[in-house]
$ cat my_file35.pdb   # PDB, C-alpha atoms
ATOM      1  CA  MET Q   1      52.371-117.606 139.244  1.00  0.00           C
ATOM      2  CA  ARG Q   2      54.690-114.748 138.362  1.00  0.00           C
ATOM      3  CA  ARG Q   3      58.468-114.639 138.206  1.00  0.00           C
ATOM      4  CA  THR Q   4      60.858-111.733 137.900  1.00  0.00           C
ATOM      5  CA  PHE Q   5      64.325-111.807 136.349  1.00  0.00           C
ATOM      6  CA  TYR Q   6      66.880-109.423 134.828  1.00  0.00           C
ATOM      7  CA  ASP Q   7      68.137-109.275 131.269  1.00  0.00           C
ATOM      8  CA  GLU Q   8      71.696-108.491 130.140  1.00  0.00           C
ATOM      9  CA  ASP Q   9      70.892-104.741 130.226  1.00  0.00           C
ATOM     10  CA  PHE Q  10      69.807-105.020 133.878  1.00  0.00           C
ATOM     11  CA  LEU Q  11      66.158-104.448 133.010  1.00  0.00           C
ATOM     12  CA  GLU Q  12      63.758-106.235 135.327  1.00  0.00           C
ATOM     13  CA  TRP Q  13      61.123-108.398 133.624  1.00  0.00           C
ATOM     14  CA  GLU Q  14      58.069-110.152 134.968  1.00  0.00           C
ATOM     15  CA  ALA Q  15      57.022-113.450 133.377  1.00  0.00           C
ATOM     16  CA  TYR Q  16      53.515-114.846 133.813  1.00  0.00           C
ATOM     17  CA  VAL Q  17      51.111-117.244 132.109  1.00  0.00           C
ATOM     18  CA  SER Q  18      47.752-116.296 130.679  1.00  0.00           C
ATOM     19  CA  GLY Q  19      45.216-119.033 130.144  1.00  0.00           C
ATOM     20  CA  GLY Q  20      43.195-117.713 127.224  1.00  0.00           C
ATOM     21  CA  GLN Q  21      40.435-119.789 125.703  1.00  0.00           C
ATOM     22  CA  PRO Q  22      41.461-123.438 125.177  1.00  0.00           C
ATOM     23  CA  ARG Q  23      42.503-124.163 121.591  1.00  0.00           C
ATOM     24  CA  SER Q  24      42.448-120.435 120.789  1.00  0.00           C
ATOM     25  CA  GLU Q  25      45.312-118.343 119.432  1.00  0.00           C
ATOM     26  CA  ALA Q  26      45.911-116.864 122.915  1.00  0.00           C
ATOM     27  CA  ALA Q  27      45.789-120.149 124.849  1.00  0.00           C
ATOM     28  CA  ALA Q  28      48.629-120.795 127.312  1.00  0.00           C
ATOM     29  CA  ARG Q  29      50.913-117.897 126.467  1.00  0.00           C
ATOM     30  CA  LEU Q  30      53.898-116.913 128.554  1.00  0.00           C
ATOM     31  CA  TYR Q  31      54.011-113.101 128.747  1.00  0.00           C
ATOM     32  CA  PHE Q  32      56.973-110.849 129.507  1.00  0.00           C
ATOM     33  CA  LEU Q  33      56.383-107.398 130.978  1.00  0.00           C
ATOM     34  CA  CYS Q  34      59.285-104.976 131.509  1.00  0.00           C
ATOM     35  CA  LEU Q  35      59.007-103.563 135.034  1.00  0.00           C
ATOM     36  CA  THR Q  36      61.969-101.208 134.670  1.00  0.00           C
ATOM     37  CA  GLU Q  37      60.646 -99.563 131.494  1.00  0.00           C
ATOM     38  CA  PRO Q  38      56.855-100.025 131.396  1.00  0.00           C
ATOM     39  CA  SER Q  39      56.659 -98.252 128.023  1.00  0.00           C
ATOM     40  CA  ARG Q  40      58.302-101.295 126.370  1.00  0.00           C
ATOM     41  CA  ARG Q  41      55.820-103.495 124.569  1.00  0.00           C
ATOM     42  CA  THR Q  42      54.728-106.650 126.334  1.00  0.00           C
ATOM     43  CA  ARG Q  43      56.142-109.747 124.654  1.00  0.00           C
ATOM     44  CA  PHE Q  44      54.967-113.361 124.558  1.00  0.00           C
ATOM     45  CA  VAL Q  45      55.727-116.940 123.557  1.00  0.00           C
ATOM     46  CA  LYS Q  46      53.203-119.737 123.081  1.00  0.00           C
ATOM     47  CA  GLU Q  47      53.370-122.935 125.103  1.00  0.00           C
ATOM     48  CA  GLU Q  48      53.579-125.667 122.458  1.00  0.00           C
ATOM     49  CA  SER Q  49      51.046-127.884 124.231  1.00  0.00           C
ATOM     50  CA  GLY Q  50      48.437-125.103 124.480  1.00  0.00           C
ATOM     51  CA  ASN Q  51      47.847-126.269 128.057  1.00  0.00           C
ATOM     52  CA  THR Q  52      47.853-123.623 130.793  1.00  0.00           C
ATOM     53  CA  ALA Q  53      48.835-126.091 133.541  1.00  0.00           C
ATOM     54  CA  VAL Q  54      51.862-127.209 131.523  1.00  0.00           C
ATOM     55  CA  ALA Q  55      52.832-123.570 130.913  1.00  0.00           C
ATOM     56  CA  GLU Q  56      52.537-122.758 134.644  1.00  0.00           C
ATOM     57  CA  ARG Q  57      54.666-125.758 135.574  1.00  0.00           C
ATOM     58  CA  LYS Q  58      57.250-124.791 132.956  1.00  0.00           C
ATOM     59  CA  LEU Q  59      57.421-121.236 134.323  1.00  0.00           C
ATOM     60  CA  GLU Q  60      57.974-122.604 137.816  1.00  0.00           C
ATOM     61  CA  GLU Q  61      60.768-124.942 136.705  1.00  0.00           C
ATOM     62  CA  LEU Q  62      62.741-122.660 134.341  1.00  0.00           C
ATOM     63  CA  ASP Q  63      65.865-120.958 135.610  1.00  0.00           C
ATOM     64  CA  ASP Q  64      66.564-117.292 134.871  1.00  0.00           C
ATOM     65  CA  SER Q  65      68.856-118.015 131.919  1.00  0.00           C
ATOM     66  CA  SER Q  66      66.118-120.128 130.288  1.00  0.00           C
ATOM     67  CA  LEU Q  67      63.603-117.331 130.854  1.00  0.00           C
ATOM     68  CA  LEU Q  68      66.023-114.895 129.246  1.00  0.00           C
ATOM     69  CA  GLU Q  69      66.347-117.196 126.237  1.00  0.00           C
ATOM     70  CA  LEU Q  70      62.537-117.343 125.915  1.00  0.00           C
ATOM     71  CA  LEU Q  71      62.390-113.556 126.171  1.00  0.00           C
ATOM     72  CA  ARG Q  72      64.868-113.295 123.268  1.00  0.00           C
ATOM     73  CA  ASP Q  73      62.656-115.637 121.211  1.00  0.00           C
ATOM     74  CA  SER Q  74      59.427-113.824 122.109  1.00  0.00           C
ATOM     75  CA  GLU Q  75      57.202-111.691 119.899  1.00  0.00           C
ATOM     76  CA  PRO Q  76      55.805-108.262 120.794  1.00  0.00           C
ATOM     77  CA  LEU Q  77      52.074-108.018 121.320  1.00  0.00           C
ATOM     78  CA  PRO Q  78      50.375-106.417 118.312  1.00  0.00           C
TER      79      PRO Q  78
END
$ encode --input "my_file35.pdb" --output "structure tokens"
Amino acid sequence: MRRTFYDEDFLEWEAYVSGGQPRSEAAARLYFLCLTEPSRRTRFVKEESGNTAVAERKLEELDDSSLLELLRDSEPLP
């Protein structure tokens, strides 16, 4: 599942979940990709549970303001 939303600067972002290997560093991450400015670095947050299904459900249930808050708390990909 993918969701799009806008930040306070009117940039459009896409949020999606990547499964990764279970119990690995990249397991169940929520990624943020800027569609308006593709040159911006992709950002991510980790789902605390490490479970992809939980992360997908969370993405489906979050409203745009909650997604924006997660984006603010996210880290850029190395």
$ residues_around --input "my_file35.pdb" --residues "segment 55-71 of chain Q" --least-positions-apart "5" --cutoff "9 Å" --atoms "all atoms listed in the file" --output "number ranges by chain"
Q: 1-8, 15-19, 28-32, 43-50
$ write_last_selection --input "my_file35.pdb" --atoms "C-alpha atoms" --output "mmCIF file, in the frame of the given file"
data_model
loop_
_atom_site.group_PDB
_atom_site.id
_atom_site.type_symbol
_atom_site.label_atom_id
_atom_site.label_comp_id
_atom_site.auth_asym_id
_atom_site.auth_seq_id
_atom_site.Cartn_x
_atom_site.Cartn_y
_atom_site.Cartn_z
ATOM 1 C CA MET Q 1 52.371 -117.606 139.244
ATOM 2 C CA ARG Q 2 54.690 -114.748 138.362
ATOM 3 C CA ARG Q 3 58.468 -114.639 138.206
ATOM 4 C CA THR Q 4 60.858 -111.733 137.900
ATOM 5 C CA PHE Q 5 64.325 -111.807 136.349
ATOM 6 C CA TYR Q 6 66.880 -109.423 134.828
ATOM 7 C CA ASP Q 7 68.137 -109.275 131.269
ATOM 8 C CA GLU Q 8 71.696 -108.491 130.140
ATOM 9 C CA ALA Q 15 57.022 -113.450 133.377
ATOM 10 C CA TYR Q 16 53.515 -114.846 133.813
ATOM 11 C CA VAL Q 17 51.111 -117.244 132.109
ATOM 12 C CA SER Q 18 47.752 -116.296 130.679
ATOM 13 C CA GLY Q 19 45.216 -119.033 130.144
ATOM 14 C CA ALA Q 28 48.629 -120.795 127.312
ATOM 15 C CA ARG Q 29 50.913 -117.897 126.467
ATOM 16 C CA LEU Q 30 53.898 -116.913 128.554
ATOM 17 C CA TYR Q 31 54.011 -113.101 128.747
ATOM 18 C CA PHE Q 32 56.973 -110.849 129.507
ATOM 19 C CA ARG Q 43 56.142 -109.747 124.654
ATOM 20 C CA PHE Q 44 54.967 -113.361 124.558
ATOM 21 C CA VAL Q 45 55.727 -116.940 123.557
ATOM 22 C CA LYS Q 46 53.203 -119.737 123.081
ATOM 23 C CA GLU Q 47 53.370 -122.935 125.103
ATOM 24 C CA GLU Q 48 53.579 -125.667 122.458
ATOM 25 C CA SER Q 49 51.046 -127.884 124.231
ATOM 26 C CA GLY Q 50 48.437 -125.103 124.480
#
$ atom_distance --input "my_file35.pdb" --atom1 "atom CA of Leu33 of chain Q" --atom2 "atom CA of Trp13 of chain Q"
5.5 Å
$ axis_aligned_box --input "my_file35.pdb" --around "segment 59-62 of chain Q" --padding-each-side "8 Å" --output "AutoDock Vina command-line options"
--center_x 60.1 --center_y -123.1 --center_z 136.1 --size_x 21.3 --size_y 19.7 --size_z 19.5
$ atom_distance --input "my_file35.pdb" --atom1 "atom CA of Ser39 of chain Q" --atom2 "atom CA of Val54 of chain Q"
29.6 Å
